[in-house]
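Have a look at my_file_28.txt below; it lists compact mmCIF, N, CA and C atoms.
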# COMPACT_ATOMS: atom_id res chain seq x y z
N MET A 1073 0.85 -1.18 0.00
CA MET A 1073 0.00 0.00 0.00
C MET A 1073 0.89 1.24 0.00
N VAL A 1074 0.52 2.20 -0.78
CA VAL A 1074 1.28 3.43 -0.92
C VAL A 1074 0.72 4.47 0.04
N LYS A 1075 1.60 5.16 0.72
CA LYS A 1075 1.16 6.29 1.54
C LYS A 1075 0.97 7.47 0.61
N LEU A 1076 -0.26 7.89 0.47
CA LEU A 1076 -0.57 8.90 -0.54
C LEU A 1076 -0.64 10.31 0.01
N GLY A 1077 -0.26 10.51 1.25
CA GLY A 1077 -0.34 11.82 1.87
C GLY A 1077 0.42 12.88 1.11
N TYR A 1078 1.52 12.51 0.48
CA TYR A 1078 2.30 13.51 -0.25
C TYR A 1078 1.76 13.73 -1.66
N VAL A 1079 0.85 12.88 -2.11
CA VAL A 1079 0.28 13.01 -3.45
C VAL A 1079 -1.19 13.42 -3.38
N LEU A 1080 -1.94 12.70 -2.56
CA LEU A 1080 -3.37 12.95 -2.42
C LEU A 1080 -3.71 13.23 -0.97
N ASN A 1081 -4.55 14.21 -0.75
CA ASN A 1081 -5.03 14.44 0.60
C ASN A 1081 -6.40 13.76 0.75
N ASP A 1082 -6.98 13.83 1.94
CA ASP A 1082 -8.26 13.17 2.20
C ASP A 1082 -9.36 13.67 1.27
N ASN A 1083 -9.34 14.94 0.95
CA ASN A 1083 -10.33 15.52 0.05
C ASN A 1083 -10.20 14.92 -1.35
N ASP A 1084 -8.97 14.75 -1.82
CA ASP A 1084 -8.73 14.15 -3.14
C ASP A 1084 -9.26 12.73 -3.19
N VAL A 1085 -8.98 11.95 -2.15
CA VAL A 1085 -9.45 10.56 -2.09
C VAL A 1085 -10.97 10.53 -2.09
N ARG A 1086 -11.60 11.41 -1.32
CA ARG A 1086 -13.06 11.47 -1.28
C ARG A 1086 -13.63 11.81 -2.66
N GLU A 1087 -13.00 12.77 -3.35
CA GLU A 1087 -13.46 13.15 -4.69
C GLU A 1087 -13.33 11.99 -5.68
N ILE A 1088 -12.26 11.24 -5.59
CA ILE A 1088 -12.09 10.07 -6.47
C ILE A 1088 -13.19 9.05 -6.20
N LYS A 1089 -13.45 8.78 -4.93
CA LYS A 1089 -14.49 7.81 -4.57
C LYS A 1089 -15.86 8.27 -5.07
N GLU A 1090 -16.14 9.55 -4.91
CA GLU A 1090 -17.42 10.08 -5.39
C GLU A 1090 -17.53 10.00 -6.91
N ALA A 1091 -16.45 10.31 -7.61
CA ALA A 1091 -16.46 10.23 -9.08
C ALA A 1091 -16.68 8.80 -9.55
N VAL A 1092 -15.99 7.85 -8.92
CA VAL A 1092 -16.15 6.44 -9.28
C VAL A 1092 -17.57 5.99 -9.00
N SER A 1093 -18.09 6.36 -7.84
CA SER A 1093 -19.45 5.99 -7.48
C SER A 1093 -20.46 6.57 -8.46
N SER A 1094 -20.26 7.81 -8.85
CA SER A 1094 -21.15 8.48 -9.81
C SER A 1094 -21.14 7.76 -11.16
N VAL A 1095 -19.97 7.40 -11.64
CA VAL A 1095 -19.86 6.71 -12.92
C VAL A 1095 -20.47 5.31 -12.83
N GLU A 1096 -20.26 4.63 -11.72
CA GLU A 1096 -20.82 3.28 -11.56
C GLU A 1096 -22.34 3.31 -11.54
N LYS A 1097 -22.94 4.40 -11.03
CA LYS A 1097 -24.40 4.50 -11.00
C LYS A 1097 -24.99 4.69 -12.39
N SER A 1098 -24.23 5.33 -13.28
CA SER A 1098 -24.75 5.63 -14.61
C SER A 1098 -24.31 4.63 -15.68
N THR A 1099 -23.49 3.66 -15.31
CA THR A 1099 -23.05 2.64 -16.27
C THR A 1099 -23.10 1.27 -15.61
N ALA A 1100 -22.87 0.24 -16.39
CA ALA A 1100 -22.81 -1.12 -15.85
C ALA A 1100 -21.42 -1.45 -15.34
N GLY A 1101 -20.47 -0.56 -15.56
CA GLY A 1101 -19.09 -0.81 -15.17
C GLY A 1101 -18.88 -0.80 -13.66
N GLU A 1102 -18.02 -1.69 -13.20
CA GLU A 1102 -17.59 -1.71 -11.81
C GLU A 1102 -16.12 -1.33 -11.81
N ILE A 1103 -15.81 -0.20 -11.21
CA ILE A 1103 -14.50 0.42 -11.35
C ILE A 1103 -13.67 0.28 -10.08
N ALA A 1104 -12.41 -0.07 -10.27
CA ALA A 1104 -11.45 -0.09 -9.16
C ALA A 1104 -10.30 0.83 -9.55
N VAL A 1105 -9.90 1.68 -8.61
CA VAL A 1105 -8.76 2.56 -8.83
C VAL A 1105 -7.62 2.07 -7.96
N VAL A 1106 -6.48 1.82 -8.59
CA VAL A 1106 -5.29 1.36 -7.87
C VAL A 1106 -4.19 2.39 -8.10
N ILE A 1107 -3.63 2.90 -7.01
CA ILE A 1107 -2.54 3.87 -7.10
C ILE A 1107 -1.31 3.22 -6.49
N SER A 1108 -0.26 3.13 -7.29
CA SER A 1108 0.97 2.47 -6.86
C SER A 1108 2.12 3.47 -6.89
N GLY A 1109 3.00 3.37 -5.92
CA GLY A 1109 4.17 4.24 -5.89
C GLY A 1109 5.10 3.99 -7.06
N ARG A 1110 5.23 2.73 -7.41
CA ARG A 1110 6.01 2.32 -8.59
C ARG A 1110 5.56 0.93 -8.97
N SER A 1111 5.79 0.58 -10.21
CA SER A 1111 5.34 -0.72 -10.70
C SER A 1111 6.40 -1.79 -10.60
N SER A 1112 7.62 -1.41 -10.35
CA SER A 1112 8.72 -2.36 -10.24
C SER A 1112 9.88 -1.69 -9.52
N ARG A 1113 10.75 -2.51 -8.95
CA ARG A 1113 11.98 -1.96 -8.37
C ARG A 1113 13.05 -1.77 -9.44
N TYR A 1114 12.90 -2.45 -10.57
CA TYR A 1114 13.86 -2.37 -11.66
C TYR A 1114 15.25 -2.80 -11.17
N VAL A 1115 15.29 -3.95 -10.55
CA VAL A 1115 16.53 -4.47 -9.96
C VAL A 1115 17.60 -4.66 -11.02
N THR A 1116 17.21 -5.12 -12.20
CA THR A 1116 18.18 -5.34 -13.27
C THR A 1116 18.91 -4.05 -13.62
N VAL A 1117 18.17 -2.97 -13.71
CA VAL A 1117 18.77 -1.67 -14.03
C VAL A 1117 19.71 -1.25 -12.90
N GLU A 1118 19.28 -1.45 -11.65
CA GLU A 1118 20.14 -1.12 -10.51
C GLU A 1118 21.45 -1.90 -10.57
N LEU A 1119 21.35 -3.19 -10.87
CA LEU A 1119 22.56 -4.02 -10.91
C LEU A 1119 23.49 -3.62 -12.06
N ILE A 1120 22.93 -3.41 -13.22
CA ILE A 1120 23.76 -3.05 -14.39
C ILE A 1120 24.51 -1.75 -14.12
N TYR A 1121 23.81 -0.73 -13.65
CA TYR A 1121 24.46 0.56 -13.42
C TYR A 1121 25.39 0.54 -12.20
N SER A 1122 25.11 -0.34 -11.25
CA SER A 1122 26.03 -0.48 -10.12
C SER A 1122 27.34 -1.11 -10.56
N ILE A 1123 27.27 -2.09 -11.43
CA ILE A 1123 28.49 -2.71 -11.96
C ILE A 1123 29.28 -1.69 -12.78
N LEU A 1124 28.59 -0.93 -13.63
CA LEU A 1124 29.28 0.11 -14.40
C LEU A 1124 29.89 1.16 -13.47
N SER A 1125 29.18 1.50 -12.43
CA SER A 1125 29.69 2.46 -11.46
C SER A 1125 30.95 1.93 -10.77
N ALA A 1126 30.95 0.63 -10.48
CA ALA A 1126 32.14 0.03 -9.86
C ALA A 1126 33.35 0.17 -10.77
N TYR A 1127 33.16 -0.06 -12.07
CA TYR A 1127 34.25 0.09 -13.03
C TYR A 1127 34.73 1.54 -13.10
N VAL A 1128 33.78 2.47 -13.10
CA VAL A 1128 34.15 3.89 -13.17
C VAL A 1128 34.95 4.30 -11.94
N PHE A 1129 34.50 3.89 -10.75
CA PHE A 1129 35.21 4.26 -9.53
C PHE A 1129 36.59 3.60 -9.49
N ALA A 1130 36.69 2.35 -9.93
CA ALA A 1130 38.01 1.69 -9.97
C ALA A 1130 38.93 2.40 -10.95
N PHE A 1131 38.40 2.79 -12.11
CA PHE A 1131 39.16 3.52 -13.12
C PHE A 1131 39.66 4.84 -12.55
N LEU A 1132 38.76 5.58 -11.89
CA LEU A 1132 39.14 6.85 -11.29
C LEU A 1132 40.20 6.67 -10.20
N TYR A 1133 40.04 5.66 -9.39
CA TYR A 1133 41.01 5.38 -8.34
C TYR A 1133 42.39 5.12 -8.94
N HIS A 1134 42.41 4.29 -9.96
CA HIS A 1134 43.68 3.93 -10.59
C HIS A 1134 44.38 5.16 -11.18
N PHE A 1135 43.65 6.00 -11.88
CA PHE A 1135 44.28 7.13 -12.55
C PHE A 1135 44.47 8.34 -11.66
N LEU A 1136 43.67 8.51 -10.65
CA LEU A 1136 43.84 9.65 -9.75
C LEU A 1136 44.96 9.41 -8.74
N PHE A 1137 45.08 8.18 -8.29
CA PHE A 1137 46.06 7.89 -7.25
C PHE A 1137 47.26 7.11 -7.76
N SER A 1138 47.27 6.77 -9.05
CA SER A 1138 48.36 6.03 -9.69
C SER A 1138 48.78 4.80 -8.89
N ARG A 1139 47.80 4.14 -8.36
CA ARG A 1139 48.07 2.91 -7.61
C ARG A 1139 47.30 1.78 -8.26
N THR A 1140 47.87 0.63 -8.19
CA THR A 1140 47.21 -0.54 -8.76
C THR A 1140 46.97 -1.61 -7.71
N GLY A 1141 47.03 -1.26 -6.44
CA GLY A 1141 46.81 -2.24 -5.38
C GLY A 1141 45.41 -2.83 -5.46
N ILE A 1142 45.35 -4.12 -5.31
CA ILE A 1142 44.08 -4.82 -5.43
C ILE A 1142 43.08 -4.37 -4.37
N MET A 1143 43.56 -4.07 -3.18
CA MET A 1143 42.67 -3.65 -2.11
C MET A 1143 42.05 -2.29 -2.42
N GLY A 1144 42.83 -1.38 -2.95
CA GLY A 1144 42.32 -0.07 -3.34
C GLY A 1144 41.28 -0.17 -4.44
N LEU A 1145 41.56 -1.04 -5.43
CA LEU A 1145 40.59 -1.23 -6.51
C LEU A 1145 39.31 -1.86 -5.97
N PHE A 1146 39.45 -2.82 -5.07
CA PHE A 1146 38.28 -3.47 -4.47
C PHE A 1146 37.44 -2.45 -3.70
N ILE A 1147 38.09 -1.65 -2.86
CA ILE A 1147 37.36 -0.67 -2.04
C ILE A 1147 36.71 0.39 -2.92
N SER A 1148 37.43 0.87 -3.94
CA SER A 1148 36.85 1.89 -4.82
C SER A 1148 35.66 1.31 -5.60
N SER A 1149 35.75 0.05 -6.01
CA SER A 1149 34.63 -0.59 -6.70
C SER A 1149 33.43 -0.72 -5.78
N PHE A 1150 33.70 -1.12 -4.55
CA PHE A 1150 32.63 -1.26 -3.56
C PHE A 1150 31.94 0.08 -3.29
N ILE A 1151 32.73 1.13 -3.19
CA ILE A 1151 32.18 2.48 -3.00
C ILE A 1151 31.32 2.87 -4.20
N GLY A 1152 31.78 2.51 -5.39
CA GLY A 1152 31.01 2.80 -6.61
C GLY A 1152 29.65 2.11 -6.59
N ILE A 1153 29.64 0.85 -6.16
CA ILE A 1153 28.38 0.11 -6.08
C ILE A 1153 27.45 0.76 -5.06
N LEU A 1154 27.97 1.08 -3.88
CA LEU A 1154 27.15 1.71 -2.85
C LEU A 1154 26.61 3.06 -3.31
N PHE A 1155 27.47 3.82 -3.99
CA PHE A 1155 27.08 5.13 -4.50
C PHE A 1155 25.91 5.00 -5.48
N CYS A 1156 26.02 4.05 -6.38
CA CYS A 1156 24.98 3.86 -7.39
C CYS A 1156 23.67 3.40 -6.75
N PHE A 1157 23.75 2.45 -5.83
CA PHE A 1157 22.53 1.99 -5.16
C PHE A 1157 21.88 3.13 -4.38
N ALA A 1158 22.69 3.98 -3.77
CA ALA A 1158 22.15 5.12 -3.04
C ALA A 1158 21.43 6.07 -4.00
N LEU A 1159 22.04 6.34 -5.15
CA LEU A 1159 21.41 7.21 -6.14
C LEU A 1159 20.12 6.60 -6.68
N MET A 1160 20.13 5.29 -6.90
CA MET A 1160 18.96 4.62 -7.47
C MET A 1160 17.79 4.54 -6.49
N SER A 1161 18.02 4.91 -5.24
CA SER A 1161 16.90 4.91 -4.30
C SER A 1161 15.99 6.12 -4.52
N PHE A 1162 16.46 7.09 -5.29
CA PHE A 1162 15.65 8.25 -5.63
C PHE A 1162 14.96 7.99 -6.97
N ASN A 1163 13.64 7.98 -6.95
CA ASN A 1163 12.88 7.66 -8.16
C ASN A 1163 13.18 8.60 -9.32
N ARG A 1164 13.39 9.88 -9.03
CA ARG A 1164 13.68 10.83 -10.10
C ARG A 1164 14.98 10.48 -10.83
N ILE A 1165 15.95 10.02 -10.09
CA ILE A 1165 17.23 9.64 -10.70
C ILE A 1165 17.08 8.31 -11.43
N LYS A 1166 16.38 7.36 -10.81
CA LYS A 1166 16.20 6.06 -11.44
C LYS A 1166 15.49 6.19 -12.78
N ARG A 1167 14.52 7.10 -12.86
CA ARG A 1167 13.79 7.31 -14.12
C ARG A 1167 14.71 7.71 -15.27
N LEU A 1168 15.82 8.38 -14.96
CA LEU A 1168 16.76 8.79 -16.01
C LEU A 1168 17.40 7.60 -16.71
N PHE A 1169 17.47 6.48 -16.02
CA PHE A 1169 18.15 5.30 -16.56
C PHE A 1169 17.18 4.27 -17.12
N LEU A 1170 15.89 4.57 -17.10
CA LEU A 1170 14.88 3.62 -17.58
C LEU A 1170 14.33 4.07 -18.92
N SER A 1171 14.16 3.12 -19.82
CA SER A 1171 13.55 3.45 -21.11
C SER A 1171 12.04 3.53 -20.94
N ARG A 1172 11.42 4.31 -21.78
CA ARG A 1172 9.95 4.45 -21.75
C ARG A 1172 9.28 3.10 -22.00
N ASP A 1173 9.84 2.30 -22.90
CA ASP A 1173 9.28 0.98 -23.19
C ASP A 1173 9.34 0.06 -21.99
N MET A 1174 10.46 0.07 -21.27
CA MET A 1174 10.60 -0.78 -20.10
C MET A 1174 9.58 -0.39 -19.03
N MET A 1175 9.45 0.91 -18.78
CA MET A 1175 8.48 1.37 -17.78
C MET A 1175 7.06 1.01 -18.21
N SER A 1176 6.76 1.21 -19.48
CA SER A 1176 5.42 0.91 -19.98
C SER A 1176 5.08 -0.57 -19.81
N LYS A 1177 6.03 -1.43 -20.10
CA LYS A 1177 5.80 -2.87 -19.95
C LYS A 1177 5.55 -3.23 -18.49
N LYS A 1178 6.35 -2.69 -17.59
CA LYS A 1178 6.18 -2.98 -16.15
C LYS A 1178 4.84 -2.47 -15.64
N VAL A 1179 4.45 -1.28 -16.07
CA VAL A 1179 3.18 -0.71 -15.62
C VAL A 1179 2.01 -1.56 -16.14
N HIS A 1180 2.06 -1.95 -17.42
CA HIS A 1180 1.00 -2.79 -17.97
C HIS A 1180 0.94 -4.15 -17.26
N ASP A 1181 2.11 -4.73 -16.99
CA ASP A 1181 2.15 -6.01 -16.29
C ASP A 1181 1.50 -5.90 -14.91
N ARG A 1182 1.83 -4.84 -14.18
CA ARG A 1182 1.26 -4.66 -12.85
C ARG A 1182 -0.23 -4.36 -12.91
N ALA A 1183 -0.66 -3.65 -13.94
CA ALA A 1183 -2.09 -3.37 -14.09
C ALA A 1183 -2.86 -4.67 -14.32
N PHE A 1184 -2.34 -5.54 -15.19
CA PHE A 1184 -3.00 -6.83 -15.42
C PHE A 1184 -2.97 -7.69 -14.16
N LEU A 1185 -1.86 -7.66 -13.45
CA LEU A 1185 -1.78 -8.40 -12.19
C LEU A 1185 -2.82 -7.88 -11.21
N GLY A 1186 -2.96 -6.57 -11.09
CA GLY A 1186 -3.97 -5.98 -10.22
C GLY A 1186 -5.38 -6.33 -10.65
N PHE A 1187 -5.62 -6.40 -11.95
CA PHE A 1187 -6.92 -6.76 -12.49
C PHE A 1187 -7.35 -8.13 -11.97
N TYR A 1188 -6.41 -9.06 -11.95
CA TYR A 1188 -6.73 -10.41 -11.48
C TYR A 1188 -6.60 -10.54 -9.96
N LYS A 1189 -5.62 -9.89 -9.39
CA LYS A 1189 -5.40 -9.98 -7.94
C LYS A 1189 -6.60 -9.42 -7.17
N HIS A 1190 -7.18 -8.34 -7.64
CA HIS A 1190 -8.30 -7.71 -6.96
C HIS A 1190 -9.65 -8.29 -7.40
N GLY A 1191 -9.60 -9.32 -8.25
CA GLY A 1191 -10.84 -10.00 -8.65
C GLY A 1191 -11.75 -9.17 -9.53
N ILE A 1192 -11.19 -8.21 -10.25
CA ILE A 1192 -12.01 -7.33 -11.08
C ILE A 1192 -12.64 -8.09 -12.24
N TYR A 1193 -12.04 -9.20 -12.62
CA TYR A 1193 -12.57 -10.02 -13.70
C TYR A 1193 -13.78 -10.86 -13.26
N LYS A 1194 -14.12 -10.84 -11.98
CA LYS A 1194 -15.20 -11.67 -11.45
C LYS A 1194 -16.55 -10.95 -11.37
N THR A 1195 -16.69 -9.83 -12.03
CA THR A 1195 -17.96 -9.11 -11.94
C THR A 1195 -19.06 -9.88 -12.66
N ARG A 1196 -20.29 -9.64 -12.25
CA ARG A 1196 -21.44 -10.40 -12.74
C ARG A 1196 -21.57 -10.35 -14.26
N HIS A 1197 -21.46 -9.17 -14.83
CA HIS A 1197 -21.66 -9.02 -16.28
C HIS A 1197 -20.35 -8.79 -17.03
N LYS A 1198 -19.24 -9.13 -16.38
CA LYS A 1198 -17.90 -8.95 -16.97
C LYS A 1198 -17.69 -7.49 -17.38
N THR A 1199 -18.03 -6.59 -16.45
CA THR A 1199 -17.90 -5.16 -16.72
C THR A 1199 -16.88 -4.50 -15.79
N GLY A 1200 -15.97 -5.28 -15.25
CA GLY A 1200 -14.96 -4.73 -14.36
C GLY A 1200 -13.96 -3.86 -15.10
N ILE A 1201 -13.56 -2.78 -14.46
CA ILE A 1201 -12.59 -1.85 -15.03
C ILE A 1201 -11.59 -1.49 -13.94
N ILE A 1202 -10.31 -1.53 -14.28
CA ILE A 1202 -9.28 -1.07 -13.35
C ILE A 1202 -8.62 0.17 -13.95
N ILE A 1203 -8.46 1.16 -13.12
CA ILE A 1203 -7.68 2.34 -13.48
C ILE A 1203 -6.42 2.26 -12.61
N TYR A 1204 -5.32 1.91 -13.24
CA TYR A 1204 -4.06 1.69 -12.52
C TYR A 1204 -3.16 2.90 -12.75
N ILE A 1205 -2.76 3.53 -11.64
CA ILE A 1205 -1.91 4.72 -11.70
C ILE A 1205 -0.58 4.39 -11.05
N SER A 1206 0.50 4.56 -11.79
CA SER A 1206 1.83 4.32 -11.26
C SER A 1206 2.56 5.66 -11.17
N LEU A 1207 2.85 6.06 -9.95
CA LEU A 1207 3.38 7.40 -9.72
C LEU A 1207 4.80 7.60 -10.24
N MET A 1208 5.72 6.67 -9.95
CA MET A 1208 7.10 6.87 -10.38
C MET A 1208 7.19 6.94 -11.91
N GLU A 1209 6.48 6.05 -12.57
CA GLU A 1209 6.56 5.99 -14.03
C GLU A 1209 5.70 7.07 -14.69
N ARG A 1210 4.83 7.69 -13.89
CA ARG A 1210 3.92 8.72 -14.39
C ARG A 1210 3.05 8.18 -15.53
N MET A 1211 2.46 7.02 -15.28
CA MET A 1211 1.63 6.37 -16.29
C MET A 1211 0.31 5.91 -15.69
N VAL A 1212 -0.70 5.90 -16.53
CA VAL A 1212 -2.02 5.41 -16.16
C VAL A 1212 -2.41 4.34 -17.18
N VAL A 1213 -2.93 3.21 -16.69
CA VAL A 1213 -3.41 2.16 -17.56
C VAL A 1213 -4.86 1.86 -17.17
N VAL A 1214 -5.72 1.79 -18.16
CA VAL A 1214 -7.12 1.44 -17.94
C VAL A 1214 -7.37 0.12 -18.64
N ILE A 1215 -7.84 -0.87 -17.88
CA ILE A 1215 -8.13 -2.19 -18.43
C ILE A 1215 -9.60 -2.50 -18.14
N GLY A 1216 -10.31 -2.88 -19.16
CA GLY A 1216 -11.72 -3.25 -18.99
C GLY A 1216 -11.94 -4.70 -19.38
N ASP A 1217 -12.88 -5.32 -18.69
CA ASP A 1217 -13.24 -6.69 -19.00
C ASP A 1217 -14.03 -6.70 -20.32
N GLU A 1218 -14.36 -7.87 -20.81
CA GLU A 1218 -14.99 -7.99 -22.13
C GLU A 1218 -16.41 -7.44 -22.17
N GLY A 1219 -17.09 -7.32 -21.03
CA GLY A 1219 -18.47 -6.80 -20.99
C GLY A 1219 -18.48 -5.32 -21.18
Encoded form (structure tokens):
Amino acid sequence: MVKLGYVLNDNDVREIKEAVSSVEKSTAGEIAVVISGRSSRYVTVELIYSILSAYVFAFLYHFLFSRTGIMGLFISSFIGILFCFALMSFNRIKRLFLSRDMMSKKVHDRAFLGFYKHGIYKTRHKTGIIIYISLMERMVVVIGDEG
């Protein structure tokens, strides 16, 4: 569950509920709104850039200090990995390293997962609709059942 206090206040949540309720009264659709902080941790991206960061820090250590000691290279590589993981904890920075296609795929995957996880496909007339909002990726996906 995402803490939405920094994005939505109580009034915003109430307005969303009222809007969904209003639409549900005038249509056969049963709507669920899911708001997620992010659709994936993107661990692969974190690992790839951490490894590259380790090489960069080792390279800098070697040329700045003109030393080739294995311990210095190991420590500088380790610092590079920690530095990159620390940077990747900020969503704004992580977004710089993610392709639009990768984010879109993850958001769509999570939306479909939410569609089934929340049982939206089990509506009486197959009129379930999920509005999936992913904050980090800044994407919205709407999935409707066949009804």
Box in all listed atoms of region 1189-1197 of chain A, axis-aligned, with 8 Å more on each side; write out centre and edge lengths in Å to one decimal as JSON.
{"center_x": -13.5, "center_y": -9.5, "center_z": -12.0, "size_x": 32.3, "size_y": 20.3, "size_z": 26.1}
Do you have, as JSON lines, the list of residues of region 1142-1190 of chain A lying at most 6.5 Å from region 1200-1209 of chain A, each with its nearest atom pair and that distance in Å to one decimal, counting all atoms listed in the file and ordered by chain then number?
{"residue": "A:Asn1163", "atom": "CA", "partner": "A:Met1208", "partner_atom": "CA", "distance": 6.2}
{"residue": "A:Met1175", "atom": "CA", "partner": "A:Glu1209", "partner_atom": "CA", "distance": 6.3}
{"residue": "A:Ala1183", "atom": "CA", "partner": "A:Tyr1204", "partner_atom": "CA", "distance": 5.7}
{"residue": "A:Phe1187", "atom": "CA", "partner": "A:Ile1202", "partner_atom": "CA", "distance": 6.2}
I'd like a table as CSV: residues in region 1100-1129 of chain A with an atom no more than 9 Å from region 1140-1161 of chain A, each row giving the shortest atom pair and its distance in Å to one decimal, only C-alpha atoms counted, sorted by chain and rising residue number.
residue,atom,partner,partner_atom,distance
A:Glu1118,CA,A:Met1160,CA,6.6
A:Leu1119,CA,A:Phe1157,CA,8.3
A:Tyr1121,CA,A:Cys1156,CA,6.9
A:Ser1122,CA,A:Ile1153,CA,4.7
A:Ile1123,CA,A:Ile1153,CA,6.5
A:Leu1124,CA,A:Ile1153,CA,8.4
A:Ser1125,CA,A:Gly1152,CA,5.0
A:Ala1126,CA,A:Ser1149,CA,4.1
A:Tyr1127,CA,A:Ser1149,CA,6.4
A:Val1128,CA,A:Gly1152,CA,7.4
A:Phe1129,CA,A:Gly1152,CA,5.3
Assign secondary structure with DSSP using the backbone only, and return the residues of chain A in strand (DSSP E) as a VMD selection string.
chain A and resid 1102 to 1108 1200 to 1206 1211 to 1216
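Taking CA of Met1211 (chain A) as the reference point, CA of Tyr1193 (chain A) is found at 21.8 Å.
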